[in-house]
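The next block holds one structure in the form of structure tokens; read it before the comments.
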Amino acid sequence: MIEWVPPGLILILGALLIPFLKGKIRQGYMLLLPIVAFTSLLNMSEGTGFVTSFLGYGLVFGKVDKLSLAFGYVFVIMTFIGILYALHVKNKGEHFSAVLYAGSALGVVFSGDFLTLFVFWELMAFSSVFLIWYGGNKKSYDAGFRYLLVHVFGGLVLLAGIIIRLVNTGSIEFGHIDFGSLDSYLILIGFMINAAVPPLHAWLSDAYPEASITGAVFLSAFTTKTAVYVLLRAFSGVEILIWFGAIMAVFGVVYAVLENDIRRLLAYHIISQVGYMVAGVGMGTLLAVNGSVAHAFSHILYKGLLFMGAGAVIHMTGRRKLTELGGLYRTMPLTLGLYMIGAFAISAFPLFSGFVSKSMVVSAAAHEHLAVIWLMLTLASAGTFLSIGLKLPYFTFFAKDTGIKAKEPPVNMLLAMGLAAFLNILIGVYPAVLYNILPNPVDYIPYTPEHVVWSLQILLFTALGFFLLLNKLGSEPTISVDTDWFYRKGSKVFMWFVEKPLSTAAQVPVNILQRVADYLIWVGKNPTRALFLYAGSAVFKMFGRFPGLPPHASEKLLDEAWKNYPGEPVIKSPIGDSVILVLMFMAVYAIYYFIVA
Amino acid sequence: MGYLDKPGNIKILKYLFYSSLVAVVLADFFVQREKVEFFWDAIPGFSAVYGFISCILIIIVSKFIGHKWLMKKEDYYD
């Protein structure tokens with residue numbers, strides 16, 4: 001008897017039925033899917049299952065250990081929350097792609113070999129792009145294409161790495177990779193593109209804010225976190241990732257300060273938060289790996305909540321810029337409250353999920369005596385609270401009263417946000433639920449007096465700085481150029497190059513051949529007379545006249561002969577023409593061989 | 001009429017905020033330190049100063065970089 005089925009397959013196969021169902025039945029069915037997947041997850045035992053053979057390679061659909069289970073749990077929970085949040089959406093295509101996307105992310109998590117992993121990896125890119133396109137305007141259409149191009153490129157780099165690895169080692173097993181060979185570099189780059197490590201990150205901040213309201217919630221959860229998962233499995237302890245991670249953490253913070261679009265601000269903070277996880281991967285100690293997994297887990301829950309809150313605001317007001325929002329606390333207090341729970345969680349306030357997960361990574365840096373890394377991560381913590389806990393809610397819900405007539409969002413959206421908020425508080429208050437599922441045994445106590453006081457000082461004094469510099473921090477109606485500049489502006493330079501210099505240059509040989517062809521046609525109309533014309537012109541040039549004619553009459557005769565060519569009507573003398581053509585041909589041959597010999 | 005439209009309420013919130021700043025720094029002088037990984041871990045109030053400086057630095061440096069290079073008009077790519 002089958003005890004469990006890989007949850008990814010449940011969602012992917014289950015998604016196929018969604019387009020055929022209607023109304024309440026479809027809603028119930030969609031909510032049931034993640035519940036079935038979760039039941040299957042609970043029955044999974046550590047080990048390897050669902051192995052099939054393909055072209056002589058073993059494909060593993062169910063590699064189960066504590067690491068894959070931890071990601072599996074949170075992915076399925078988030079799928080349920082996302083479906084609940086999107087329940088009112090009528091567009092079946094959007095539901096289909098969202099569930100397919102979640103299923104392929106789960107597929108990656110339980111893949112035991114590179115081929116399976118790669119297929120799910122690509123499926124993830126191609127299903128998620130629809131969530132961006134369902135944003136439904138020109139901007140989302142363009143951003144979706146850019147997103148797809150970057151991910152196709154990333155997928156090819158990954159595939160190149162996988163193939164080189166297969167040729168060198170003969171194995172497609174997915175596990176720890178020794179860093180330092182070409183295949184490991186390529187695979188790492190492929191993973192890093194999905195983890196949005198700068199400078200390969202711009203697809204995220206470019207595309208996520210253009211996605212549909214409900215699609216962005218799914219997007220915020222899966223792509224970057226599957227990347228963290230594969231990095232943890234393959235590259236834990238690769239030191240350069242510590243620096244990449246710390247730079248990511250600060251990088252996202254800087255851009256978020258400049259950002260005016262609320263979901264783009266949140267998107268930059270995905271990059272920043274994933275930075276903590278990537279740094280944890282790089283440290284590779286038991287505590288750091290636990291920290292990365294724990295932070296990925298709570299990040300999915302609080303970032304989903306934040307995207308749901310921002311989505312609710314956009315859904316109800318139709319506005320997405322801080323400069324156009326304000327004063328909403330009067331009309332959307334529930335949304336504000338739920339959003340703030342997410343904001344406190346990401347800022348790592350005591351009693352919220354971020355406090356018990358982020359601090360594991362920061363403590364791991366302290367244990368390794370990585371002073372600069374520690375200072376960067378702590379600075380980014382202050383920046384996180386600044387942008388997400390203060391700036392965004394202040395300019396959206398308070399500040400000036402814009403008089404927007406808004407209501408609270410539909411009840412299913414509020415319920416989904418409520419569920420995410422509950423889980424964020426549950427993890428914060430009772431961290432054991434999270435610590436028990438981490439890959440390594442946990443010997444870490446987040447709630448010590450020194451840690452609580454330390455965190456509160458950072459956060460409260462960040463707030464002081466915010467209120468002191470409030471007038472400096474005002475949002476501005478601008479966009480900020482990022483590394484997508486190189487392919488957005490670069491593509492324009494490329495198109496100019498193709499259209500102007502390149503196509504002009506390409507025209508030159510065409511023109512030459514065209515003229516040769518024209519000339520041959522001209523000669524072909526009446527070769528005999530053409531030859532006489534050339535001969536006549538040569539004689540006239542040499543002597544200035546034709547024998548027996550004065551110069552003036554000679555010139556006139558020649559001009560008229562050129563003008564009348566090929567003669568009207570053309571007098572055809574096939575044999576004569578052929579003989580002349582053959583003679584011309586042989587003359588060219590003779591000259592050629594004379595020179596060559 | 002929102003809660004914050006009354007000036008009195010804002011005043012109350014301000015006092016609460018300032019007193020929590022004072023309370024948390026005072027508390028740091030009495031907290032037992034079990035693990036001191038960096039020298040600054042032993043300095044009471046260090047994280048308050050670091051949090052404050054971080055916040056100011058992030059705002060000023062980001063806005064400087066932004067105004068100098070990064071921020072463009074909204075139709076920049078159109």
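If you're wondering about the labels, chains in the structure tokens are A, B, ... by order shown, residues count from 1 in each chain, ligands from 1 in order shown.
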*Excluding same-chain residues fewer than 4 positions from Trp40 of chain B, what lies within 12 Å of it counting only C-alpha atoms, as a PyMOL selection string?*
(chain A and resi 366+371+374-375+454) or (chain B and resi 33+35-36+44-50)
Using only C-alpha atoms and a cut-off of 9 Å, which residues of chain B sit close to chain A? Please list them as a PyMOL selection string. chain B and resi 1-4+17-18+20-21+24-25+27-28+31-34+37-38+45-56+58-63+65-66+69-77
(Q) Env of segment 21-33 of chain A: 7 Å cut, atoms = only C-alpha atoms, seq-sep filter 5 positions within chain, self excluded. Answer as JSON, numbers by chain. (A) {"A": [11, 14, 80, 83, 84, 87]}
Could you name the residues that touch Val5 of chain A at 12 Å or less, counting only C-alpha atoms, but leaving out those on the same chain fewer than 3 positions away, as a PDB file with C-alpha atoms, in the first residue's frame?
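See out17.pdb below for the written result:
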ATOM      1  CA  MET A   1       0.000   0.000   0.000  1.00  0.00           C
ATOM      2  CA  ILE A   2       1.195   3.498  -0.803  1.00  0.00           C
ATOM      3  CA  GLY A   8       4.429  18.198  -5.350  1.00  0.00           C
ATOM      4  CA  LEU A   9       2.784  15.553  -7.522  1.00  0.00           C
ATOM      5  CA  ILE A  10      -0.477  15.902  -5.593  1.00  0.00           C
ATOM      6  CA  LEU A  11      -0.598  19.615  -6.330  1.00  0.00           C
ATOM      7  CA  ILE A  12       0.557  19.345  -9.945  1.00  0.00           C
ATOM      8  CA  LEU A  13      -1.864  16.561 -10.839  1.00  0.00           C
ATOM      9  CA  VAL A  36      -4.304  16.320   1.116  1.00  0.00           C
ATOM     10  CA  ALA A  37      -0.696  17.252   0.370  1.00  0.00           C
ATOM     11  CA  PHE A  38      -0.121  18.033   4.048  1.00  0.00           C
ATOM     12  CA  THR A  39      -1.561  14.706   5.157  1.00  0.00           C
ATOM     13  CA  SER A  40       0.791  12.993   2.752  1.00  0.00           C
ATOM     14  CA  LEU A  41       3.680  15.017   4.184  1.00  0.00           C
ATOM     15  CA  LEU A  42       2.842  13.870   7.703  1.00  0.00           C
ATOM     16  CA  ASN A  43       3.017  10.248   6.529  1.00  0.00           C
ATOM     17  CA  MET A  44       6.399  10.661   4.867  1.00  0.00           C
ATOM     18  CA  SER A  45       9.218   8.816   6.551  1.00  0.00           C
ATOM     19  CA  THR A  48      14.026   7.638  -0.491  1.00  0.00           C
ATOM     20  CA  GLY A  49      10.826   6.852  -2.301  1.00  0.00           C
ATOM     21  CA  PHE A  50       9.190   7.210  -5.683  1.00  0.00           C
ATOM     22  CA  VAL A  51      12.210   6.173  -7.707  1.00  0.00           C
ATOM     23  CA  PHE A  61      10.797  12.099  -6.659  1.00  0.00           C
ATOM     24  CA  GLY A  62      10.800  11.545  -2.937  1.00  0.00           C
ATOM     25  CA  LYS A  63      14.058  12.242  -1.146  1.00  0.00           C
ATOM     26  CA  VAL A  64      12.858  12.766   2.398  1.00  0.00           C
ATOM     27  CA  LEU A 106       7.556  21.199  -3.776  1.00  0.00           C
ATOM     28  CA  GLY A 107       8.811  18.964  -6.573  1.00  0.00           C
ATOM     29  CA  PHE A 110      11.798  16.431  -2.747  1.00  0.00           C
TER      30      PHE A 110
END
Exercise. In Å, how far is it from atom CA of Leu558 of chain A to atom CA of Pro527 of chain A?
Worked result: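 Straight-line distance from atom CA of Leu558 of chain A to atom CA of Pro527 of chain A works out to 16.7 Å.
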**Message:** Write out as an NGL selection string the set of residues from chain B that DSSP, computed on the backbone, places in helix (DSSP H, G or I).
**Reply:** :B and (3-5 or 7-30 or 39-42 or 46-70)
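Note that the spacing between atom CA of Thr224 of chain A and atom CA of Phe307 of chain A amounts to 14.9 Å.
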Atom pair atom CA of Glu239 of chain A + atom CA of Val157 of chain A, distance 21.5 Å
message: I want to know what sits within 12 Å of Leu338 of chain A, based on only C-alpha atoms, with residues of the same chain fewer than 4 positions away left out; could you give that as a VMD selection string?
response: chain A and resid 302 to 310 312 to 313 329 332 to 334 342 to 345 393 408 to 409 413 to 425
Convert the current residue selection to file output with N, CA and C atoms, as a CSV table (one decimal), in the first residue's frame.
chain,number,residue,atom,x,y,z
A,302,TYR,N,5.8,35.5,7.1
A,302,TYR,CA,5.6,36.9,7.3
A,302,TYR,C,5.6,37.7,6.0
A,303,LYS,N,6.4,37.2,5.0
A,303,LYS,CA,6.5,38.0,3.8
A,303,LYS,C,5.2,37.8,3.0
A,304,GLY,N,4.6,36.6,3.1
A,304,GLY,CA,3.3,36.3,2.5
A,304,GLY,C,2.3,37.3,3.1
A,305,LEU,N,2.3,37.4,4.4
A,305,LEU,CA,1.4,38.3,5.2
A,305,LEU,C,1.6,39.7,4.7
A,306,LEU,N,2.8,40.2,4.5
A,306,LEU,CA,3.1,41.6,4.1
A,306,LEU,C,2.5,41.8,2.7
A,307,PHE,N,2.8,40.8,1.8
A,307,PHE,CA,2.3,41.0,0.4
A,307,PHE,C,0.8,40.9,0.4
A,308,MET,N,0.2,40.1,1.3
A,308,MET,CA,-1.3,40.1,1.4
A,308,MET,C,-1.8,41.4,1.8
A,309,GLY,N,-1.1,42.0,2.8
A,309,GLY,CA,-1.6,43.3,3.3
A,309,GLY,C,-1.5,44.4,2.3
A,310,ALA,N,-0.3,44.5,1.6
A,310,ALA,CA,-0.1,45.5,0.5
A,310,ALA,C,-1.1,45.2,-0.6
A,312,ALA,N,-4.0,43.9,-0.3
A,312,ALA,CA,-5.3,44.3,0.1
A,312,ALA,C,-5.5,45.8,-0.1
A,313,VAL,N,-4.5,46.5,0.2
A,313,VAL,CA,-4.5,48.0,0.0
A,313,VAL,C,-4.7,48.3,-1.5
A,329,TYR,N,-5.7,54.2,8.0
A,329,TYR,CA,-6.0,53.6,9.3
A,329,TYR,C,-7.5,53.8,9.7
A,332,MET,N,-9.3,51.1,7.1
A,332,MET,CA,-8.8,49.7,7.0
A,332,MET,C,-8.0,49.3,8.2
A,333,PRO,N,-8.6,49.5,9.4
A,333,PRO,CA,-7.8,49.2,10.6
A,333,PRO,C,-7.4,47.7,10.7
A,334,LEU,N,-8.3,46.8,10.3
A,334,LEU,CA,-7.9,45.3,10.4
A,334,LEU,C,-6.7,45.0,9.5
A,342,GLY,N,2.9,41.2,10.5
A,342,GLY,CA,3.9,40.8,9.5
A,342,GLY,C,5.2,41.7,9.7
A,343,ALA,N,4.9,43.0,9.8
A,343,ALA,CA,6.0,44.0,9.9
A,343,ALA,C,6.9,43.7,11.2
A,344,PHE,N,6.2,43.4,12.3
A,344,PHE,CA,6.9,43.1,13.6
A,344,PHE,C,7.7,41.8,13.4
A,345,ALA,N,7.1,40.9,12.7
A,345,ALA,CA,7.8,39.6,12.5
A,345,ALA,C,9.0,39.8,11.7
A,393,PRO,N,4.1,51.5,6.5
A,393,PRO,CA,2.8,51.7,7.1
A,393,PRO,C,2.5,53.2,7.4
A,408,GLU,N,-12.5,47.5,4.2
A,408,GLU,CA,-11.7,46.3,4.4
A,408,GLU,C,-11.8,45.3,3.2
A,409,PRO,N,-10.8,44.5,3.0
A,409,PRO,CA,-10.9,43.6,1.8
A,409,PRO,C,-11.9,42.5,2.1
A,413,MET,N,-9.8,37.1,2.1
A,413,MET,CA,-8.4,37.8,2.2
A,413,MET,C,-8.1,38.0,3.7
A,414,LEU,N,-9.0,38.5,4.4
A,414,LEU,CA,-8.8,38.8,5.9
A,414,LEU,C,-8.5,37.5,6.6
A,415,LEU,N,-9.2,36.4,6.3
A,415,LEU,CA,-9.0,35.1,6.9
A,415,LEU,C,-7.6,34.6,6.6
A,416,ALA,N,-7.1,34.7,5.3
A,416,ALA,CA,-5.8,34.2,5.0
A,416,ALA,C,-4.8,35.0,5.7
A,417,MET,N,-4.9,36.3,5.8
A,417,MET,CA,-4.0,37.2,6.5
A,417,MET,C,-4.0,36.8,8.0
A,418,GLY,N,-5.2,36.6,8.5
A,418,GLY,CA,-5.3,36.2,9.9
A,418,GLY,C,-4.6,34.9,10.2
A,419,LEU,N,-4.7,33.9,9.4
A,419,LEU,CA,-4.0,32.6,9.6
A,419,LEU,C,-2.5,32.8,9.6
A,420,ALA,N,-2.0,33.6,8.6
A,420,ALA,CA,-0.6,33.9,8.5
A,420,ALA,C,-0.1,34.6,9.8
A,421,ALA,N,-0.9,35.6,10.2
A,421,ALA,CA,-0.6,36.4,11.4
A,421,ALA,C,-0.5,35.5,12.6
A,422,PHE,N,-1.5,34.6,12.7
A,422,PHE,CA,-1.5,33.6,13.9
A,422,PHE,C,-0.3,32.8,13.9
A,423,LEU,N,0.1,32.3,12.7
A,423,LEU,CA,1.3,31.4,12.7
A,423,LEU,C,2.6,32.2,13.1
A,424,ASN,N,2.6,33.4,12.6
A,424,ASN,CA,3.8,34.3,13.0
A,424,ASN,C,3.9,34.5,14.5
A,425,ILE,N,2.8,34.7,15.1
A,425,ILE,CA,2.8,34.9,16.6
A,425,ILE,C,3.1,33.6,17.3
